[in-house]
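Printed here is coords.cif (mmCIF, C-alpha atoms):
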```cif
data_work
#
loop_
_atom_site.label_atom_id
_atom_site.label_comp_id
_atom_site.auth_asym_id
_atom_site.auth_seq_id
_atom_site.Cartn_x
_atom_site.Cartn_y
_atom_site.Cartn_z
CA MET X 1 3.19 -41.70 12.24
CA LEU X 2 6.24 -39.67 11.22
CA ALA X 3 5.23 -39.94 7.63
CA ALA X 4 1.78 -38.60 8.49
CA LEU X 5 3.25 -35.64 10.39
CA ALA X 6 5.60 -34.92 7.51
CA ALA X 7 2.69 -35.01 5.12
CA VAL X 8 0.73 -32.53 7.27
CA TRP X 9 3.77 -30.24 7.54
CA TRP X 10 4.28 -30.40 3.77
CA ALA X 11 0.65 -29.81 2.95
CA ALA X 12 -0.11 -27.04 5.47
CA PRO X 13 1.58 -24.10 3.70
CA ALA X 14 0.08 -25.10 0.37
CA ALA X 15 -3.41 -25.32 1.86
CA GLN X 16 -3.14 -21.80 3.26
CA ALA X 17 -1.57 -20.28 0.17
CA SER X 18 -3.70 -17.84 -1.71
CA VAL X 19 -3.31 -15.49 -4.60
CA GLY X 20 -5.17 -12.21 -4.77
CA VAL X 21 -5.00 -8.71 -6.14
CA GLY X 22 -7.15 -5.62 -6.02
CA VAL X 23 -7.34 -2.28 -7.70
CA GLN X 24 -8.94 1.02 -6.77
CA ALA X 25 -12.69 0.99 -7.29
CA ALA X 26 -12.74 4.59 -8.49
CA PRO X 27 -12.06 5.02 -12.21
CA VAL X 28 -8.85 6.62 -13.40
CA ARG X 29 -9.83 9.91 -14.99
CA LEU X 30 -7.72 12.52 -16.71
CA ALA X 31 -8.16 15.94 -15.16
CA GLY X 32 -9.40 18.03 -18.06
CA VAL X 33 -9.52 17.26 -21.73
CA ALA X 34 -6.75 15.50 -23.64
CA ARG X 35 -5.57 17.12 -26.83
CA VAL X 36 -4.28 15.41 -29.90
CA GLY X 37 -0.52 15.04 -29.95
CA GLN X 38 -0.04 15.70 -26.24
CA ASN X 39 1.35 13.69 -23.30
CA TYR X 40 -0.28 13.62 -19.90
CA GLN X 41 0.37 12.25 -16.44
CA LEU X 42 -2.60 10.23 -15.24
CA PRO X 43 -3.42 9.77 -11.55
CA ALA X 44 -1.41 6.88 -10.12
CA LEU X 45 -3.19 3.53 -9.94
CA ALA X 46 -3.65 2.13 -6.43
CA VAL X 47 -3.24 -1.65 -6.20
CA ILE X 48 -3.22 -4.14 -3.35
CA ASN X 49 -1.95 -7.69 -2.90
CA THR X 50 -4.56 -9.66 -0.96
CA GLY X 51 -2.77 -12.97 -1.36
CA SER X 52 -0.34 -14.75 0.93
CA ARG X 53 2.75 -14.41 -1.21
CA PRO X 54 4.56 -11.54 -2.96
CA GLU X 55 3.17 -10.63 -6.36
CA ALA X 56 4.73 -9.03 -9.41
CA ILE X 57 1.94 -6.76 -10.62
CA THR X 58 1.39 -6.12 -14.30
CA VAL X 59 -1.17 -3.72 -15.74
CA ARG X 60 -2.84 -4.32 -19.10
CA VAL X 61 -5.13 -2.07 -21.09
CA GLN X 62 -8.02 -4.35 -21.96
CA ARG X 63 -11.59 -3.49 -22.84
CA ILE X 64 -13.80 -5.92 -20.92
CA LEU X 65 -17.11 -4.18 -20.40
CA PRO X 66 -19.30 -2.95 -23.24
CA GLY X 67 -20.39 0.64 -23.25
CA PRO X 68 -20.14 3.95 -25.02
CA GLY X 69 -16.76 5.36 -25.77
CA ARG X 70 -13.94 4.52 -28.09
CA ALA X 71 -11.53 1.74 -27.20
CA VAL X 72 -8.14 2.88 -25.98
CA PRO X 73 -5.16 1.47 -27.91
CA PRO X 74 -2.83 -0.06 -25.29
CA ALA X 75 0.12 1.85 -26.75
CA TRP X 76 -1.42 5.13 -25.57
CA VAL X 77 -1.08 4.19 -21.90
CA ARG X 78 2.35 4.15 -20.29
CA VAL X 79 2.79 2.02 -17.16
CA ASP X 80 5.95 3.15 -15.44
CA ARG X 81 6.52 0.28 -13.00
CA GLN X 82 5.38 -2.79 -14.86
CA GLY X 83 6.19 -5.91 -12.83
CA MET X 84 6.35 -4.01 -9.53
CA ARG X 85 6.67 -6.42 -6.60
CA VAL X 86 4.10 -6.01 -3.86
CA ALA X 87 4.35 -7.81 -0.53
CA PRO X 88 1.37 -9.77 0.87
CA HIS X 89 -1.39 -7.47 2.14
CA ALA X 90 0.54 -4.38 1.00
CA GLU X 91 -0.61 -1.53 -1.22
CA ALA X 92 1.29 0.23 -3.97
CA SER X 93 0.87 3.05 -6.46
CA ILE X 94 1.65 2.56 -10.12
CA PRO X 95 2.35 5.75 -12.10
CA LEU X 96 0.52 6.02 -15.40
CA GLY X 97 0.96 8.25 -18.42
CA LEU X 98 -1.20 8.96 -21.46
CA SER X 99 0.10 9.81 -24.94
CA VAL X 100 -2.54 10.85 -27.44
CA PRO X 101 -1.09 10.50 -30.94
CA GLY X 102 -1.53 13.04 -33.69
CA GLY X 103 -4.10 11.02 -35.62
CA ALA X 104 -6.39 10.33 -32.65
CA LYS X 105 -10.10 10.84 -33.25
CA PRO X 106 -11.89 13.23 -30.92
CA GLY X 107 -14.41 11.82 -28.48
CA VAL X 108 -14.83 9.96 -25.23
CA TYR X 109 -12.47 7.04 -24.64
CA LEU X 110 -13.11 4.17 -22.24
CA THR X 111 -11.24 1.03 -21.31
CA GLU X 112 -10.36 -1.10 -18.32
CA LEU X 113 -6.99 -1.21 -16.65
CA VAL X 114 -6.61 -4.83 -15.58
CA VAL X 115 -4.14 -5.55 -12.79
CA TYR X 116 -2.78 -9.10 -12.91
CA GLY X 117 -0.91 -10.93 -10.22
CA SER X 118 2.16 -12.82 -11.31
CA ALA X 119 0.36 -16.20 -11.26
CA LEU X 120 3.57 -18.10 -10.61
CA VAL X 121 3.35 -20.97 -13.05
CA ARG X 122 4.34 -24.34 -11.64
CA ALA X 123 4.84 -27.09 -14.13
CA GLY X 124 2.37 -29.92 -13.97
CA THR X 125 -0.31 -27.97 -12.14
CA ALA X 126 -3.41 -25.95 -12.75
CA ASN X 127 -2.28 -22.49 -11.69
CA LEU X 128 -4.89 -20.15 -10.35
CA GLY X 129 -4.52 -16.46 -11.05
CA ALA X 130 -6.20 -13.33 -9.76
CA ALA X 131 -6.79 -10.01 -11.45
CA ALA X 132 -8.84 -6.87 -10.89
CA ALA X 133 -10.04 -4.18 -13.24
CA THR X 134 -10.92 -0.53 -13.00
CA LYS X 135 -12.02 1.93 -15.65
CA LEU X 136 -9.89 4.49 -17.47
CA GLU X 137 -11.84 7.41 -18.91
CA PHE X 138 -10.81 10.52 -20.79
CA ARG X 139 -11.97 12.81 -23.57
CA VAL X 140 -9.94 13.85 -26.58
CA THR X 141 -10.45 17.07 -28.49
CA ALA X 142 -9.00 17.85 -31.87
CA GLY X 143 -7.74 21.33 -31.08
CA PRO X 144 -4.04 21.69 -30.33
CA ALA X 145 -3.00 22.85 -26.87
CA GLY X 146 -1.13 25.96 -27.99
CA LEU X 147 -0.69 28.04 -31.11
CA LEU X 148 0.88 25.03 -32.77
CA GLY X 149 0.12 21.40 -32.15
CA PHE X 150 3.69 20.53 -31.22
CA VAL X 151 4.08 23.26 -28.60
CA PRO X 152 4.13 21.63 -25.15
CA GLY X 153 1.66 22.71 -22.47
CA TRP X 154 4.17 24.63 -20.35
CA ALA X 155 5.07 26.79 -23.35
CA GLY X 156 1.55 28.19 -23.34
CA TRP X 157 1.93 29.48 -19.78
CA ALA X 158 5.37 30.92 -20.49
CA GLY X 159 4.02 32.64 -23.59
CA GLY X 160 1.16 34.10 -21.58
CA TRP X 161 3.49 35.67 -19.02
CA LEU X 162 5.72 37.05 -21.77
CA PHE X 163 2.66 38.55 -23.41
CA LEU X 164 1.66 40.21 -20.12
CA LEU X 165 5.15 41.67 -19.69
CA ALA X 166 5.04 43.02 -23.24
CA LEU X 167 1.64 44.59 -22.56
CA LEU X 168 3.00 46.31 -19.44
CA ALA X 169 5.96 47.66 -21.41
CA VAL X 170 3.70 49.00 -24.15
CA ALA X 171 1.38 50.52 -21.55
CA GLY X 172 4.30 52.32 -19.90
CA THR X 173 5.52 53.67 -23.22
CA ALA X 174 2.04 54.76 -24.18
CA ALA X 175 1.57 56.52 -20.86
CA ARG X 176 4.83 58.45 -21.28
CA ARG X 177 4.02 59.49 -24.84
CA SER X 178 0.53 60.63 -23.89
CA GLY X 179 2.03 63.18 -21.51
CA LEU X 180 0.18 61.67 -18.62
CA ARG X 181 1.86 62.76 -15.34
CA LEU X 182 1.30 61.74 -11.78
CA ARG X 183 1.89 64.50 -9.27
CA LEU X 184 2.32 63.51 -5.65
CA VAL X 185 1.37 66.21 -3.17
CA ARG X 186 1.65 65.98 0.62
CA SER X 187 -0.38 68.57 2.49
CA THR X 188 0.91 70.16 5.69
CA ALA X 189 -1.25 71.05 8.65
CA GLY X 190 -1.77 74.51 7.24
CA GLY X 191 -3.02 73.24 3.94
CA GLN X 192 0.17 74.26 2.10
CA PRO X 193 2.00 71.76 -0.03
CA ALA X 194 5.04 70.40 1.68
CA ASP X 195 8.39 71.25 0.18
CA LEU X 196 9.43 67.74 -0.71
CA PRO X 197 13.13 67.18 -1.26
CA TRP X 198 12.52 65.11 -4.40
CA SER X 199 10.27 67.78 -5.91
CA ARG X 200 12.98 70.41 -6.08
CA HIS X 201 14.27 71.37 -9.46
CA GLY X 202 17.58 72.85 -8.40
CA MET G 1 -2.40 67.28 -28.93
CA GLY G 2 -4.62 64.75 -30.78
CA ASN G 3 -1.70 62.34 -30.90
CA ARG G 4 -1.39 62.50 -27.11
CA TRP G 5 -5.07 61.67 -26.70
CA VAL G 6 -4.65 58.57 -28.85
CA TRP G 7 -1.74 57.37 -26.73
CA PHE G 8 -3.73 58.18 -23.59
CA VAL G 9 -6.63 56.02 -24.73
CA VAL G 10 -4.25 53.19 -25.67
CA ALA G 11 -2.66 53.34 -22.22
CA VAL G 12 -6.03 53.23 -20.46
CA LEU G 13 -7.24 50.29 -22.56
CA LEU G 14 -4.08 48.31 -21.88
CA VAL G 15 -4.35 48.92 -18.16
CA VAL G 16 -7.94 47.67 -18.26
CA VAL G 17 -6.94 44.54 -20.21
CA ILE G 18 -4.07 43.78 -17.82
CA GLY G 19 -6.37 44.30 -14.87
CA LYS G 20 -8.92 41.88 -16.28
CA VAL G 21 -6.29 39.21 -16.93
CA GLY G 22 -4.71 39.68 -13.53
CA SER G 23 -7.99 39.35 -11.71
CA GLY G 24 -8.80 36.06 -13.44
CA SER G 25 -11.68 37.20 -15.57
CA GLY G 26 -12.35 33.54 -16.49
CA GLY G 27 -14.27 33.37 -13.25
CA GLY G 28 -16.04 30.31 -11.95
CA ASN G 29 -13.37 29.34 -9.49
CA THR G 30 -14.79 30.04 -6.09
CA ALA G 31 -12.42 27.80 -4.21
CA GLY G 32 -10.06 29.59 -1.90
CA PRO G 33 -9.06 30.05 1.67
CA ALA G 34 -11.69 30.01 4.36
CA HIS G 35 -13.59 33.24 4.90
CA GLU G 36 -14.71 34.75 8.14
CA GLY G 37 -17.05 32.38 9.95
CA GLN G 38 -16.01 29.38 7.89
CA LEU G 39 -13.77 26.48 8.78
CA THR G 40 -12.08 24.27 6.23
CA ILE G 41 -11.32 20.76 7.46
CA HIS G 42 -8.89 18.57 5.58
CA PHE G 43 -8.96 14.83 6.09
CA SER G 44 -7.91 11.62 4.40
CA ALA G 45 -10.05 8.63 3.42
CA ILE G 46 -8.98 5.11 2.56
CA THR G 47 -8.87 3.93 -1.01
CA THR G 48 -11.69 1.50 -1.77
CA PHE G 49 -10.38 -1.57 -3.56
CA ASN G 50 -12.18 -4.17 -5.62
CA THR G 51 -10.32 -7.42 -5.04
CA VAL G 52 -10.48 -11.09 -5.83
CA THR G 53 -8.62 -13.70 -3.82
CA ILE G 54 -8.18 -17.34 -4.82
CA SER G 55 -7.30 -20.12 -2.46
CA PRO G 56 -5.28 -22.26 -2.93
CA SER G 57 -2.88 -20.69 -5.44
CA ASP G 58 -2.54 -23.87 -7.50
CA ALA G 59 -4.11 -27.28 -7.74
CA GLN G 60 -3.41 -30.72 -9.14
CA CYS G 61 -5.61 -32.14 -11.83
CA GLY G 62 -6.95 -35.58 -10.84
CA HIS G 63 -9.64 -38.09 -11.70
CA TYR G 64 -8.02 -38.81 -15.07
CA HIS G 65 -10.11 -40.76 -17.51
CA GLY G 66 -10.82 -41.06 -21.20
CA GLY G 67 -8.80 -41.79 -24.29
CA LYS G 68 -8.91 -44.95 -26.34
CA TYR G 69 -6.73 -48.00 -26.40
CA PRO G 70 -3.75 -47.94 -26.50
CA ASN G 71 -3.76 -44.25 -25.41
CA GLU G 72 -6.26 -44.41 -22.58
CA SER G 73 -4.99 -43.57 -19.06
CA SER G 74 -6.12 -43.16 -15.47
CA ASN G 75 -3.16 -41.03 -14.33
CA THR G 76 -2.40 -38.82 -17.35
CA LEU G 77 -4.44 -37.22 -20.11
CA GLY G 78 -5.21 -39.91 -22.65
CA GLN G 79 -5.97 -39.49 -26.33
CA PRO G 80 -8.28 -38.67 -27.86
CA ASN G 81 -9.81 -36.08 -25.54
CA GLY G 82 -8.74 -37.49 -22.19
CA MET G 83 -10.04 -35.58 -19.18
CA CYS G 84 -8.90 -34.60 -15.71
CA SER G 85 -10.57 -32.50 -13.03
CA VAL G 86 -9.75 -30.10 -10.23
CA GLY G 87 -12.60 -31.13 -7.97
CA GLN G 88 -15.35 -33.38 -9.19
CA TYR G 89 -18.51 -32.98 -11.20
CA PRO G 90 -21.36 -33.77 -10.56
CA VAL G 91 -20.88 -32.14 -7.18
CA THR G 92 -22.03 -34.18 -4.20
CA LYS G 93 -20.05 -32.57 -1.37
CA ILE G 94 -18.13 -29.35 -0.74
CA GLU G 95 -14.81 -31.17 -1.15
CA ASP G 96 -15.72 -31.57 -4.81
CA LEU G 97 -15.16 -27.82 -5.15
CA PRO G 98 -11.60 -27.24 -3.92
CA ILE G 99 -11.15 -23.65 -5.18
CA LYS G 100 -12.48 -20.75 -3.15
CA ILE G 101 -13.00 -17.42 -4.94
CA THR G 102 -13.63 -14.42 -2.72
CA TYR G 103 -14.71 -11.04 -4.08
CA SER G 104 -14.44 -7.93 -1.96
CA GLY G 105 -15.25 -4.29 -2.58
CA LEU G 106 -18.04 -2.30 -4.16
CA ALA G 107 -20.69 -4.20 -6.07
CA GLY G 108 -19.24 -5.55 -9.31
CA SER G 109 -18.73 -8.80 -11.16
CA VAL G 110 -16.36 -11.74 -11.31
CA TYR G 111 -15.04 -12.67 -14.74
CA ILE G 112 -12.93 -15.67 -15.66
CA LYS G 113 -10.47 -16.65 -18.39
CA SER G 114 -7.93 -19.35 -19.12
CA GLY G 115 -4.54 -19.39 -20.77
CA ASN G 116 -3.10 -21.98 -23.13
CA ALA G 117 -1.66 -25.26 -21.87
CA ILE G 118 2.11 -24.89 -21.71
CA PRO G 119 4.44 -27.89 -21.86
CA ALA G 120 7.43 -28.05 -19.52
CA ASP G 121 9.76 -28.32 -22.53
CA ASN G 122 8.40 -25.05 -23.98
CA GLY G 123 7.28 -26.92 -27.09
CA THR G 124 4.06 -26.42 -28.99
CA GLN G 125 1.28 -25.22 -26.70
CA TRP G 126 -2.25 -26.53 -26.70
CA ARG G 127 -4.62 -23.78 -27.70
CA LEU G 128 -7.71 -23.14 -25.60
CA CYS G 129 -10.91 -23.76 -27.56
CA GLY G 130 -14.65 -23.77 -27.07
CA PRO G 131 -17.79 -24.56 -29.01
CA HIS G 132 -18.94 -20.97 -29.38
CA ASN G 133 -15.86 -18.82 -29.00
CA GLY G 134 -16.22 -17.16 -32.37
CA GLU G 135 -12.79 -16.05 -33.51
CA LYS G 136 -10.10 -18.64 -34.10
CA SER G 137 -10.61 -20.86 -31.10
CA ILE G 138 -13.51 -23.12 -32.05
CA CYS G 139 -12.91 -26.71 -31.04
CA THR G 140 -12.30 -28.62 -34.27
CA GLY G 141 -12.51 -32.21 -33.02
CA PRO G 142 -15.44 -34.63 -33.45
CA GLU G 143 -18.57 -33.70 -31.49
CA ALA G 144 -17.14 -30.17 -31.03
CA LYS G 145 -14.46 -31.54 -28.72
CA PRO G 146 -10.89 -30.20 -28.83
CA GLY G 147 -9.02 -31.01 -32.03
CA PRO G 148 -5.27 -31.57 -32.44
CA TYR G 149 -3.22 -29.35 -30.12
CA GLN G 150 -6.41 -27.94 -28.66
CA PHE G 151 -7.85 -28.29 -25.18
CA ALA G 152 -10.85 -26.99 -23.26
CA VAL G 153 -11.49 -25.91 -19.69
CA LYS G 154 -14.95 -25.98 -18.08
CA ASN G 155 -15.62 -24.63 -14.61
CA PHE G 156 -18.42 -25.74 -12.32
CA ALA G 157 -19.92 -25.01 -8.92
CA GLY G 158 -22.58 -26.55 -6.77
CA SER G 159 -25.46 -24.53 -8.19
CA GLY G 160 -26.78 -27.19 -10.54
CA LEU G 161 -25.64 -25.21 -13.58
CA PRO G 162 -23.86 -27.37 -16.16
CA PRO G 163 -20.10 -26.67 -16.49
CA THR G 164 -19.24 -23.51 -18.44
CA THR G 165 -16.58 -23.49 -21.16
CA LEU G 166 -13.86 -20.91 -20.52
CA THR G 167 -12.40 -18.61 -23.14
CA ALA G 168 -9.05 -16.93 -23.60
CA TYR G 169 -10.61 -13.54 -22.98
CA PRO G 170 -12.42 -12.56 -19.76
CA VAL G 171 -16.10 -13.49 -19.66
CA CYS G 172 -18.73 -13.47 -16.94
CA ASP G 173 -18.20 -16.36 -14.50
CA TYR G 174 -21.77 -17.64 -14.43
CA GLN G 175 -20.86 -20.18 -11.77
CA PHE G 176 -19.90 -17.47 -9.28
CA ASP G 177 -23.44 -16.38 -8.43
CA ASP G 178 -25.52 -19.34 -9.56
CA GLY G 179 -26.23 -18.15 -13.08
CA SER G 180 -24.80 -14.67 -12.91
CA CYS G 181 -21.42 -13.20 -12.16
CA SER G 182 -22.66 -10.41 -9.92
CA ALA G 183 -20.62 -9.89 -6.80
CA VAL G 184 -21.36 -7.86 -3.72
CA ARG G 185 -19.11 -6.98 -0.83
CA THR G 186 -17.28 -10.07 0.47
CA GLN G 187 -19.02 -12.72 -1.59
CA SER G 188 -17.36 -16.07 -2.12
CA GLN G 189 -17.95 -19.20 -4.14
CA GLN G 190 -16.43 -22.68 -4.27
CA GLU G 191 -15.61 -23.91 -7.76
CA GLY G 192 -13.79 -26.65 -9.64
CA PHE G 193 -13.00 -27.29 -13.31
CA ASP G 194 -12.48 -29.99 -15.91
CA ILE G 195 -9.70 -30.07 -18.48
CA ILE G 196 -10.36 -31.87 -21.77
CA GLY G 197 -7.21 -32.72 -23.71
CA PRO G 198 -6.55 -32.66 -27.45
CA TYR G 199 -7.78 -35.13 -30.02
CA TRP G 200 -4.16 -35.90 -30.62
CA GLN G 201 -0.79 -34.21 -30.13
CA LYS G 202 2.80 -35.30 -30.62
CA ASN G 203 4.66 -33.19 -28.07
CA PRO G 204 6.82 -35.58 -25.99
CA SER G 205 6.42 -33.49 -22.82
CA THR G 206 4.49 -35.25 -20.07
CA THR G 207 4.22 -32.20 -17.80
CA TRP G 208 1.86 -29.39 -18.68
CA SER G 209 0.48 -26.37 -16.86
CA VAL G 210 -2.44 -24.03 -17.39
CA THR G 211 -3.47 -20.84 -15.61
CA VAL G 212 -7.10 -20.02 -14.88
CA THR G 213 -7.63 -16.40 -13.80
CA TRP G 214 -10.57 -14.84 -11.99
CA ILE G 215 -11.00 -11.09 -12.45
CA ALA G 216 -12.80 -8.56 -10.26
CA VAL G 217 -14.60 -6.22 -12.65
CA PRO G 218 -16.36 -2.97 -11.71
CA ALA G 219 -20.06 -2.46 -12.29
CA LYS G 220 -21.05 -1.27 -15.78
#
```
Structure encoded using structure tokens:
Amino acid sequence: MLAALAAVWWAAPAAQASVGVGVQAAPVRLAGVARVGQNYQLPALAVINTGSRPEAITVRVQRILPGPGRAVPPAWVRVDRQGMRVAPHAEASIPLGLSVPGGAKPGVYLTELVVYGSALVRAGTANLGAAAATKLEFRVTAGPAGLLGFVPGWAGWAGGWLFLLALLAVAGTAARRSGLRLRLVRSTAGGQPADLPWSRHG
Amino acid sequence: MGNRWVWFVVAVLLVVVIGKVGSGSGGGNTAGPAHEGQLTIHFSAITTFNTVTISPSDAQCGHYHGGKYPNESSNTLGQPNGMCSVGQYPVTKIEDLPIKITYSGLAGSVYIKSGNAIPADNGTQWRLCGPHNGEKSICTGPEAKPGPYQFAVKNFAGSGLPPTTLTAYPVCDYQFDDGSCSAVRTQSQQEGFDIIGPYWQKNPSTTWSVTVTWIAVPAK
């Protein structure tokens, strides 16, 4: 009798144990077009542990489904928290980055991001693992982001503002040289110009 | 005098250019704060997940049989090509299918793959093989069974479909939906699988493990 109870106690947790993972159904898409030689921050990947034990989540770039679009070399995608531990029934966000190398061909790129649970391997058993995939899509153009291919994106904005400031300076100089004058006149009730203190010439 | 006019024109043109840039002449962006008579409502929505959950998380291989004297066995994988099963095929009752696979989320598919067989002593692994896997993993034994240091995994369900040979890369789990791997919201299936051992192998390890993984895949 005791042996039977012990057997039930021993077997119960194993019978209820499950392993499960999930990933956002919506594809991961880069906002805008990727340019050759540039680095980008992709939207974070939402994952969930649907199993009954903590999971160490790993993300792999793996083309599973056929379809149009070039395959994405795994080295292009940076997964910042590989092996992140996620508690049972908890969600997490995994930051992703994209680095498009200089020799990348222009076009549409498509792959799957496959989220694997840790699949704790126990010796002498058939271990059952769970994984879930979502799509990663982006488009690469050949043109560099700025005047030069190696100029980072923020430099373009900074250059733009500097250009505007230079334009304003040139406009001011041009206005002075053209002899253009602004005369401010305040009329009094009688229609006569007011004698403004700053308009006196000594 | 003429020089002044030139500078005047330059000044006017520059002011026009600056005005265009400042006003966002690129256009097209109509988003902005709410106008009179309009109300902008911000709200949050849950993230929709595609998930797959397997229960239990591991299983013991049983029903050992096969091999030839003196390497036949009923409690370990014999040689050549001894077999064991998680569940039992042909399926006669639900207990013959001890693994429950549950898909949840938007309509998609369930794929399946297997890893290599790994010995407890971290010695030479058995490589997964199949009769039609293309690449480098064709079973090289007699009758297209696993050759030396090779093994095969076949999954089955109660649909009447013959067992399907697994590959090292994810493929459609045809057992999941009785001939297809389509999955709709909260669909589940009971499955089991057979393991067929190598034609021969010399690794002294008696404890091996293999991982079979089910994958929730979005619709094409």
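When all atoms listed in the file are used to compute distances to X:Thr125, the closest of the residues G:Ser137, G:Thr102, G:Asn116, G:Asp58 turns out to be G:Asp58.
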- To verify the selection step, state as a PyMOL selection string which residues the PyMOL selection byres ((chain G) within 6 of (chain X)) yields on this input. chain G and resi 4+7-8+11+14+48-60+207-217
Next, write the just-selected residues to a file, as a PDB file, in the frame of the given file, keeping C-alpha atoms as the atom set.
```pdb
ATOM      1  CA  ARG G   4      -1.390  62.500 -27.110  1.00  0.00           C
ATOM      2  CA  TRP G   7      -1.740  57.370 -26.730  1.00  0.00           C
ATOM      3  CA  PHE G   8      -3.730  58.180 -23.590  1.00  0.00           C
ATOM      4  CA  ALA G  11      -2.660  53.340 -22.220  1.00  0.00           C
ATOM      5  CA  LEU G  14      -4.080  48.310 -21.880  1.00  0.00           C
ATOM      6  CA  THR G  48     -11.690   1.500  -1.770  1.00  0.00           C
ATOM      7  CA  PHE G  49     -10.380  -1.570  -3.560  1.00  0.00           C
ATOM      8  CA  ASN G  50     -12.180  -4.170  -5.620  1.00  0.00           C
ATOM      9  CA  THR G  51     -10.320  -7.420  -5.040  1.00  0.00           C
ATOM     10  CA  VAL G  52     -10.480 -11.090  -5.830  1.00  0.00           C
ATOM     11  CA  THR G  53      -8.620 -13.700  -3.820  1.00  0.00           C
ATOM     12  CA  ILE G  54      -8.180 -17.340  -4.820  1.00  0.00           C
ATOM     13  CA  SER G  55      -7.300 -20.120  -2.460  1.00  0.00           C
ATOM     14  CA  PRO G  56      -5.280 -22.260  -2.930  1.00  0.00           C
ATOM     15  CA  SER G  57      -2.880 -20.690  -5.440  1.00  0.00           C
ATOM     16  CA  ASP G  58      -2.540 -23.870  -7.500  1.00  0.00           C
ATOM     17  CA  ALA G  59      -4.110 -27.280  -7.740  1.00  0.00           C
ATOM     18  CA  GLN G  60      -3.410 -30.720  -9.140  1.00  0.00           C
ATOM     19  CA  THR G 207       4.220 -32.200 -17.800  1.00  0.00           C
ATOM     20  CA  TRP G 208       1.860 -29.390 -18.680  1.00  0.00           C
ATOM     21  CA  SER G 209       0.480 -26.370 -16.860  1.00  0.00           C
ATOM     22  CA  VAL G 210      -2.440 -24.030 -17.390  1.00  0.00           C
ATOM     23  CA  THR G 211      -3.470 -20.840 -15.610  1.00  0.00           C
ATOM     24  CA  VAL G 212      -7.100 -20.020 -14.880  1.00  0.00           C
ATOM     25  CA  THR G 213      -7.630 -16.400 -13.800  1.00  0.00           C
ATOM     26  CA  TRP G 214     -10.570 -14.840 -11.990  1.00  0.00           C
ATOM     27  CA  ILE G 215     -11.000 -11.090 -12.450  1.00  0.00           C
ATOM     28  CA  ALA G 216     -12.800  -8.560 -10.260  1.00  0.00           C
ATOM     29  CA  VAL G 217     -14.600  -6.220 -12.650  1.00  0.00           C
TER      30      VAL G 217
END
```
- Quick one: residues within 8 Å of X:Gly102, all atoms listed in the file counted, chain neighbours fewer than 2 positions away excluded, as a PyMOL selection string? chain X and resi 36-37+100+104
Put those residues in a file: C-alpha atoms, as a JSON list (two decimals), in the frame of the given file.
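File written: part_37.json
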```json
[["chain", "number", "residue", "atom", "x", "y", "z"],
["X", 36, "VAL", "CA", -4.28, 15.41, -29.90],
["X", 37, "GLY", "CA", -0.52, 15.04, -29.95],
["X", 100, "VAL", "CA", -2.54, 10.85, -27.44],
["X", 104, "ALA", "CA", -6.39, 10.33, -32.65]]
```
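Minimum atom-to-atom distances from G:Asn81, G:Thr164, G:Thr140, G:Asn203 to G:Lys68 were compared using only C-alpha atoms, and the lowest value belongs to G:Asn81.
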Please return the centre and edge lengths, in Å to one decimal, of a box with edges along x, y and z that contains all listed atoms of stretch 165-168 of chain G, widened by 3 Å on every side, as JSON.
```
{"center_x": -12.8, "center_y": -20.2, "center_z": -22.1, "size_x": 13.5, "size_y": 12.6, "size_z": 9.1}
```
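Interatomic distance, atom CA of X:Trp76 against atom CA of X:Gly97: 8.2 Å.
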- Item | Matched chain/residue IDs from the PyMOL selection byres ((chain G and resi 75) around 10), as a ChimeraX atom specification | /G:61-65,72-74,76-78,84
